[in-house]
Amino acid sequence: MARIAVIGAGTGAMAAAARLAVAGHRVAVYERTRTYGGALRRFERDGFGFDTGPGLLPLPAVYRDLFLKTGREPLESCVDLVQVDPSARHVFADGTEAVLPNASRAGVVTALDEALGAGTGERWGDFLVRAREAWDRTRRPLLEEPLWPDWRVLAERDPYPSVPHKRLLRTRRAGTLAEVGAWELRDPRLVALLESHALAYGLDPRRTPASAAVLPYLEHAFGTWYVRGGMRELARAVHERCVARRVAFHFGAEVTAVLEKDGRAAGAELADGSVVEADFVVAGVAPGVLDRLVRGTAPRGGGEVAPQRGGAGRLTVLLALRGARPPGTVHRTVVHARDREAEADALSGAAGALPADPTVTILRPDDPALVPDGAHEALTLTTAVPAGAGPDALTRHADRLVAVAERAVPRLRERLLWREVRTPADTERETGAALGAVPAPSLAAGGGRLLHPSNSTALAGLFTAGGWSHPGGGLPHAGMSGALVAGLIVEGPEFRGSR
């Protein structure tokens with residue numbers, strides 16, 4: 001039985017802790033804040049409740065596997081997991097709308113044909129077939145296996161089977177998500193639908209590899225899910241599963257250093273000066289934090305994927321509304337930007353300012369647990385913002401989000417009781433990520449820019465879990481990182497993932 005110290009109580013770190021405890025190890029989690037969950041937080045006021053991190057769950061099989069492998073209770077006995085249907089309502093720049101069903105290719109094709117015109121659904125359906133091929137080629141190396149030592153193979157080859165496109169007497173294949181949209185989808189509304197999956201992570205579609213086609217495919221194939229009571233309930237369930245497996249939690253316990261002895265991790269030093277001895281250390285922290293914790297030895301070797309140290313953050317506006325949620329309201333609405341190029345310029349830093357008309361996601365859950373009574377509604381607006389945006393600019397941008405949302409929510413300002421603005425500074429305070437950056441999932445191609453470092457490190461006995469390590473950001477990916485770390489510790493470096 002090994003002693004294992006886990007730094008941070010984010011979802012990925014807790015997933016690793018639960019699996020390691022079930023394997024018979026003595027696991028203790030040290031979290032600098034006063035609660036668990038990392039980015040899965042909740043804001044409450046006047047009887048209203050809001051998720052301040054991810055509001056929906058794709059690929060719930062990751063957490064079903066976690067709960068099955070760590071006990072006899074399935075996930076559904078610990079949280080009320082419901083499929084969101086319709087999956088989303090899309091409001092496009094020209095005013096047209098499309099309401100798409102959940103996890104139904106035929107249904108999506110029909111909905112797009114009816115909303116956007118004959119042929120649009122077929123083009124999107126054909127794209128999903130190609131996206132599935134990219135998913136099949138990358139699913140294991142980018143989700144289910146430790147990062148390959150020869151990771152450059154993933155960096156150089158784009159798995160998306162682009163359609164040949166004639167351009168200036170030359171035949172080319174799409175290398176970026178923007179080119180996939182322009183050359184294969186051709187309708188600006190379909191392009192907006194495609195690019196919104198990259199924009200949600202603050203990625204510029206013009207620089208994002210075509211392999212990002214797996215993002216809309218993942219949502220299409222496995223559906224979109226919600227946990228009643230808010231997504232914070234998922235963090236609660238994972239925490240309770242850890243406690244049931246005798247994982248010890250220490251909150252308000254900031255780790256200031258990873259101890260090293262004889263060339264390997266040997267424990268952790270806390271801010272109060274106490275020392276925790278351990279045989280293995282699992283760090284669920286952002287790259288800059290990891291650098292500060294490991295003294296004298298670079299935690300990442302020169303041949304590894306470089307950690308992502310920047311990236312976009314999220315601006316979230318929480319709205320408390322008077323009046324009941326109208327019958328038939330769709331859980332999620334995406335209002336697309338009128339000028340996609342300007343939005344991409346802003347996210348890439350080229351514009352030097354926030355976009356005047358951003359893509360905004362509106363979440364309107366039908367959940368009595370989030371409102372004081374049936375005569376009120378809790379509504380959340382989110383958009384990606386470039387790192388380093390100042391507080392004054394973000395306050396003005398919050399006003400823009402409300403204005404954009406009014407395109408989809410009639411009488412929004414009339415119904416408004418109060419609002420709360422959550423900026424990347426809040427994310428930084430809660431997760432430690434510099435400038436409140438939010439990690440994107442690992443993606444193939446693009447020179448490896450969107451890969452994340454392996455879960456093992458240059459310091460023996462030190463492993464990393466969570467969105468800043470392989471396989472990257474997003475709730476499913478964080479959960480999978482915990483499974484990979486547990487496998488590497490329990491089975492050793494020969495571990496190749498679950499079969």
# chains A, B, ... in the order shown; residues from 1 in each chain; ligands from 1
call {"tool": "closest_atom_pairs", "arguments": {"of": "range 109-185 of chain A", "to": "range 196-202 of chain A", "cutoff": "12 Å", "atoms": "only C-alpha atoms", "output": "tab-separated table"}}
result
residue	atom	partner	partner_atom	distance
A:Thr176	CA	A:Ala198	CA	11.1
A:Leu177	CA	A:Ala198	CA	8.4
A:Ala178	CA	A:Ala198	CA	10.0
A:Gly181	CA	A:Ser196	CA	11.3
call {"tool": "write_last_selection", "arguments": {"atoms": "C-alpha atoms", "output": "compact mmCIF listing (two decimals), in the first residue's frame"}}
result
# COMPACT_ATOMS: atom_id res chain seq x y z
CA THR A 176 -8.13 24.25 -40.32
CA LEU A 177 -11.64 24.25 -38.94
CA ALA A 178 -12.38 27.48 -40.82
CA GLY A 181 -16.51 25.23 -42.95
call {"tool": "select_by_dssp", "arguments": {"residues": "range 35-209 of chain A", "states": "alpha helix (DSSP H)", "output": "count of residues only"}}
result
62
call {"tool": "residues_around", "arguments": {"residues": "range 102-116 of chain A", "least_positions_apart": "6", "cutoff": "12 Å", "atoms": "only C-alpha atoms", "output": "PyMOL selection string"}}
result
chain A and resi 58-59+82-92+94-96+122-129+132+187-190+193+216-225+330-332
call {"tool": "select_by_dssp", "arguments": {"residues": "range 79-144 of chain A", "states": "strand (DSSP E or B)", "output": "list in words"}}
result
Leu81, Val82, Gln83, Ala88, Arg89, His90, Val91, Glu97, Ala98, Val99 and Leu100 of chain A
call {"tool": "write_last_selection", "arguments": {"atoms": "N, CA and C atoms", "output": "PDB file, in the first residue's frame"}}
result
ATOM      1  N   LEU A  81     -29.156  12.333 -13.479  1.00  0.00           N
ATOM      2  CA  LEU A  81     -28.585  12.661 -14.785  1.00  0.00           C
ATOM      3  C   LEU A  81     -29.673  12.571 -15.848  1.00  0.00           C
ATOM      4  N   VAL A  82     -29.866  13.667 -16.578  1.00  0.00           N
ATOM      5  CA  VAL A  82     -30.930  13.707 -17.585  1.00  0.00           C
ATOM      6  C   VAL A  82     -30.354  14.154 -18.920  1.00  0.00           C
ATOM      7  N   GLN A  83     -30.866  13.587 -19.986  1.00  0.00           N
ATOM      8  CA  GLN A  83     -30.442  13.984 -21.319  1.00  0.00           C
ATOM      9  C   GLN A  83     -31.176  15.258 -21.735  1.00  0.00           C
ATOM     10  N   ALA A  88     -29.849  21.861 -28.545  1.00  0.00           N
ATOM     11  CA  ALA A  88     -29.586  23.300 -28.552  1.00  0.00           C
ATOM     12  C   ALA A  88     -30.474  23.992 -29.570  1.00  0.00           C
ATOM     13  N   ARG A  89     -30.718  25.238 -29.288  1.00  0.00           N
ATOM     14  CA  ARG A  89     -31.350  26.152 -30.239  1.00  0.00           C
ATOM     15  C   ARG A  89     -30.267  27.118 -30.723  1.00  0.00           C
ATOM     16  N   HIS A  90     -30.153  27.276 -32.030  1.00  0.00           N
ATOM     17  CA  HIS A  90     -29.139  28.162 -32.601  1.00  0.00           C
ATOM     18  C   HIS A  90     -29.819  29.356 -33.262  1.00  0.00           C
ATOM     19  N   VAL A  91     -29.406  30.547 -32.857  1.00  0.00           N
ATOM     20  CA  VAL A  91     -29.909  31.784 -33.448  1.00  0.00           C
ATOM     21  C   VAL A  91     -28.763  32.379 -34.264  1.00  0.00           C
ATOM     22  N   GLU A  97     -33.276  30.531 -37.268  1.00  0.00           N
ATOM     23  CA  GLU A  97     -33.058  29.705 -36.090  1.00  0.00           C
ATOM     24  C   GLU A  97     -33.160  28.229 -36.463  1.00  0.00           C
ATOM     25  N   ALA A  98     -32.440  27.409 -35.715  1.00  0.00           N
ATOM     26  CA  ALA A  98     -32.539  25.960 -35.862  1.00  0.00           C
ATOM     27  C   ALA A  98     -32.507  25.334 -34.484  1.00  0.00           C
ATOM     28  N   VAL A  99     -33.463  24.455 -34.219  1.00  0.00           N
ATOM     29  CA  VAL A  99     -33.510  23.712 -32.955  1.00  0.00           C
ATOM     30  C   VAL A  99     -33.118  22.278 -33.267  1.00  0.00           C
ATOM     31  N   LEU A 100     -32.002  21.827 -32.680  1.00  0.00           N
ATOM     32  CA  LEU A 100     -31.433  20.533 -33.042  1.00  0.00           C
ATOM     33  C   LEU A 100     -31.695  19.491 -31.960  1.00  0.00           C
TER      34      LEU A 100
END
call {"tool": "closest_residue", "arguments": {"among": "A:Pro476, A:Pro287, A:Pro368, A:Pro159", "to": "Thr457 in chain A", "atoms": "only C-alpha atoms"}}
result
A:Pro287
call {"tool": "atom_distance", "arguments": {"atom1": "CA of Thr382 in chain A", "atom2": "CA of Asp426 in chain A"}}
result
13.9 Å
call {"tool": "closest_residue", "arguments": {"among": "A:Pro453, A:Gly8, A:Gly446, A:Gly303", "to": "Pro205 in chain A", "atoms": "only C-alpha atoms"}}
result
A:Gly446
call {"tool": "closest_residue", "arguments": {"among": "A:Val281, A:Val238, A:Ala28, A:Leu318", "to": "Pro74 in chain A", "atoms": "only C-alpha atoms"}}
result
A:Val238
call {"tool": "closest_residue", "arguments": {"among": "A:Val227, A:Ala375, A:Val79, A:Leu203", "to": "Leu56 in chain A", "atoms": "only C-alpha atoms"}}
result
A:Val227
call {"tool": "closest_residue", "arguments": {"among": "A:Ala23, A:Ser454, A:Pro307, A:Thr33", "to": "His250 in chain A", "atoms": "only C-alpha atoms"}}
result
A:Thr33
call {"tool": "residues_around", "arguments": {"residues": "Pro149 in chain A", "least_positions_apart": "5", "cutoff": "12 Å", "atoms": "only C-alpha atoms", "output": "JSON, numbers by chain"}}
result
{"A": [141, 154, 301, 303, 304, 305, 453, 454, 455, 456, 457, 493, 494, 496]}
call {"tool": "closest_residue", "arguments": {"among": "A:Leu417, A:Leu354, A:Ala21, A:Ala387", "to": "Ala434 in chain A", "atoms": "only C-alpha atoms"}}
result
A:Ala387
call {"tool": "closest_atom_pairs", "arguments": {"of": "range 358-435 of chain A", "to": "range 43-53 of chain A", "cutoff": "7 Å", "atoms": "only C-alpha atoms", "output": "tab-separated table"}}
result
residue	atom	partner	partner_atom	distance
A:Leu370	CA	A:Gly49	CA	4.4
A:Val371	CA	A:Phe48	CA	4.5
A:Pro372	CA	A:Gly47	CA	4.4
A:Ala378	CA	A:Phe48	CA	6.5
call {"tool": "write_last_selection", "arguments": {"atoms": "N, CA and C atoms", "output": "PDB file, in the first residue's frame"}}
result
ATOM      1  N   LEU A 370     -32.908  25.451  -8.579  1.00  0.00           N
ATOM      2  CA  LEU A 370     -32.079  26.626  -8.842  1.00  0.00           C
ATOM      3  C   LEU A 370     -32.830  27.946  -8.703  1.00  0.00           C
ATOM      4  N   VAL A 371     -34.093  27.894  -8.347  1.00  0.00           N
ATOM      5  CA  VAL A 371     -34.893  29.124  -8.220  1.00  0.00           C
ATOM      6  C   VAL A 371     -35.656  29.118  -6.907  1.00  0.00           C
ATOM      7  N   PRO A 372     -35.997  30.300  -6.374  1.00  0.00           N
ATOM      8  CA  PRO A 372     -36.729  30.326  -5.093  1.00  0.00           C
ATOM      9  C   PRO A 372     -38.134  29.754  -5.188  1.00  0.00           C
ATOM     10  N   ALA A 378     -33.649  31.231 -13.382  1.00  0.00           N
ATOM     11  CA  ALA A 378     -32.201  31.463 -13.320  1.00  0.00           C
ATOM     12  C   ALA A 378     -31.620  31.230 -14.709  1.00  0.00           C
TER      13      ALA A 378
END
call {"tool": "residues_around", "arguments": {"residues": "Leu451 in chain A", "least_positions_apart": "3", "cutoff": "10 Å", "atoms": "only C-alpha atoms", "output": "list of chain:residue names"}}
result
A:Leu142, A:Leu147, A:Trp151, A:Arg152, A:Leu154, A:Ala155, A:Val305, A:Ala306, A:Pro307, A:Gln308, A:Ala440, A:Pro441, A:Ser442, A:Leu443, A:Ala444, A:Ala445, A:Gly446, A:Gly447, A:Gly448, A:Ser454, A:Trp468, A:Ser469, A:His470, A:Pro471, A:Gly472
call {"tool": "write_last_selection", "arguments": {"atoms": "N, CA and C atoms", "output": "JSON list (two decimals), in the first residue's frame"}}
result
[["chain", "number", "residue", "atom", "x", "y", "z"],
["A", 142, "LEU", "N", -5.91, 9.95, -27.75],
["A", 142, "LEU", "CA", -6.18, 11.26, -27.15],
["A", 142, "LEU", "C", -7.14, 11.20, -25.96],
["A", 147, "LEU", "N", -0.21, 9.52, -23.06],
["A", 147, "LEU", "CA", 0.34, 10.18, -24.25],
["A", 147, "LEU", "C", 1.50, 9.39, -24.80],
["A", 151, "TRP", "N", 4.86, 11.43, -29.48],
["A", 151, "TRP", "CA", 3.66, 12.23, -29.62],
["A", 151, "TRP", "C", 3.67, 13.07, -30.89],
["A", 152, "ARG", "N", 4.82, 13.26, -31.50],
["A", 152, "ARG", "CA", 4.90, 14.08, -32.72],
["A", 152, "ARG", "C", 4.11, 13.47, -33.87],
["A", 154, "LEU", "N", 1.15, 12.38, -33.57],
["A", 154, "LEU", "CA", -0.17, 13.00, -33.41],
["A", 154, "LEU", "C", -0.14, 14.47, -33.81],
["A", 155, "ALA", "N", 1.01, 15.11, -33.65],
["A", 155, "ALA", "CA", 1.10, 16.54, -33.93],
["A", 155, "ALA", "C", 1.16, 16.84, -35.42],
["A", 305, "VAL", "N", 5.66, 17.41, -24.64],
["A", 305, "VAL", "CA", 4.77, 18.46, -25.12],
["A", 305, "VAL", "C", 4.89, 19.66, -24.17],
["A", 306, "ALA", "N", 5.02, 20.84, -24.73],
["A", 306, "ALA", "CA", 5.12, 22.03, -23.90],
["A", 306, "ALA", "C", 3.78, 22.33, -23.24],
["A", 307, "PRO", "N", 3.77, 22.66, -21.94],
["A", 307, "PRO", "CA", 2.50, 23.00, -21.29],
["A", 307, "PRO", "C", 1.87, 24.24, -21.91],
["A", 308, "GLN", "N", 0.56, 24.26, -21.96],
["A", 308, "GLN", "CA", -0.15, 25.45, -22.42],
["A", 308, "GLN", "C", -0.23, 26.43, -21.24],
["A", 440, "ALA", "N", -8.35, 23.83, -23.27],
["A", 440, "ALA", "CA", -9.12, 23.15, -24.31],
["A", 440, "ALA", "C", -8.79, 21.67, -24.31],
["A", 441, "PRO", "N", -9.66, 20.82, -24.86],
["A", 441, "PRO", "CA", -9.32, 19.41, -25.00],
["A", 441, "PRO", "C", -8.11, 19.22, -25.92],
["A", 442, "SER", "N", -7.37, 18.15, -25.71],
["A", 442, "SER", "CA", -6.27, 17.84, -26.62],
["A", 442, "SER", "C", -6.80, 17.55, -28.01],
["A", 443, "LEU", "N", -6.12, 18.10, -29.01],
["A", 443, "LEU", "CA", -6.48, 17.88, -30.41],
["A", 443, "LEU", "C", -5.24, 17.51, -31.20],
["A", 444, "ALA", "N", -5.41, 16.62, -32.16],
["A", 444, "ALA", "CA", -4.29, 16.21, -33.01],
["A", 444, "ALA", "C", -3.98, 17.27, -34.04],
["A", 445, "ALA", "N", -2.79, 17.13, -34.66],
["A", 445, "ALA", "CA", -2.31, 18.00, -35.74],
["A", 445, "ALA", "C", -1.99, 19.40, -35.18],
["A", 446, "GLY", "N", -1.86, 20.36, -36.08],
["A", 446, "GLY", "CA", -1.55, 21.72, -35.65],
["A", 446, "GLY", "C", -0.18, 21.86, -35.03],
["A", 447, "GLY", "N", 0.75, 20.94, -35.36],
["A", 447, "GLY", "CA", 2.08, 21.02, -34.78],
["A", 447, "GLY", "C", 2.15, 20.70, -33.30],
["A", 448, "GLY", "N", 1.06, 20.15, -32.75],
["A", 448, "GLY", "CA", 1.04, 19.79, -31.34],
["A", 448, "GLY", "C", 0.67, 20.93, -30.41],
["A", 454, "SER", "N", 2.12, 14.90, -20.93],
["A", 454, "SER", "CA", 1.76, 13.58, -20.42],
["A", 454, "SER", "C", 1.49, 13.64, -18.93],
["A", 468, "TRP", "N", -5.12, 20.55, -17.42],
["A", 468, "TRP", "CA", -3.87, 21.08, -17.97],
["A", 468, "TRP", "C", -2.88, 19.99, -18.33],
["A", 469, "SER", "N", -3.29, 18.74, -18.20],
["A", 469, "SER", "CA", -2.44, 17.64, -18.63],
["A", 469, "SER", "C", -3.26, 16.74, -19.56],
["A", 470, "HIS", "N", -2.61, 15.79, -20.18],
["A", 470, "HIS", "CA", -3.26, 14.87, -21.10],
["A", 470, "HIS", "C", -4.47, 14.21, -20.42],
["A", 471, "PRO", "N", -5.65, 14.17, -21.06],
["A", 471, "PRO", "CA", -5.99, 14.57, -22.43],
["A", 471, "PRO", "C", -6.63, 15.95, -22.57],
["A", 472, "GLY", "N", -6.39, 16.85, -21.60],
["A", 472, "GLY", "CA", -6.82, 18.23, -21.78],
["A", 472, "GLY", "C", -8.09, 18.60, -21.06]]
call {"tool": "residues_around", "arguments": {"residues": "Leu401 in chain A", "least_positions_apart": "4", "cutoff": "8 Å", "atoms": "only C-alpha atoms", "output": "PDB file with C-alpha atoms, in the first residue's frame"}}
result
ATOM      1  CA  VAL A 317     -23.165  36.612 -16.404  1.00  0.00           C
ATOM      2  CA  ASP A 357     -21.076  41.206 -30.843  1.00  0.00           C
ATOM      3  CA  PRO A 358     -19.751  37.912 -29.379  1.00  0.00           C
ATOM      4  CA  VAL A 360     -23.091  33.853 -26.445  1.00  0.00           C
ATOM      5  CA  LEU A 381     -24.755  33.692 -20.203  1.00  0.00           C
ATOM      6  CA  THR A 382     -21.220  32.700 -21.166  1.00  0.00           C
ATOM      7  CA  THR A 383     -18.678  33.688 -23.786  1.00  0.00           C
ATOM      8  CA  HIS A 397     -18.623  43.291 -22.211  1.00  0.00           C
ATOM      9  CA  ALA A 405     -29.073  37.461 -25.324  1.00  0.00           C
TER      10      ALA A 405
END
call {"tool": "atom_distance", "arguments": {"atom1": "CA of Thr333 in chain A", "atom2": "CA of Ala389 in chain A"}}
result
25.2 Å
call {"tool": "atom_distance", "arguments": {"atom1": "CA of Ile489 in chain A", "atom2": "CA of Asp136 in chain A"}}
result
27.2 Å
call {"tool": "residues_around", "arguments": {"residues": "Leu347 in chain A", "least_positions_apart": "6", "cutoff": "7 Å", "atoms": "only C-alpha atoms", "output": "count of residues only"}}
result
4
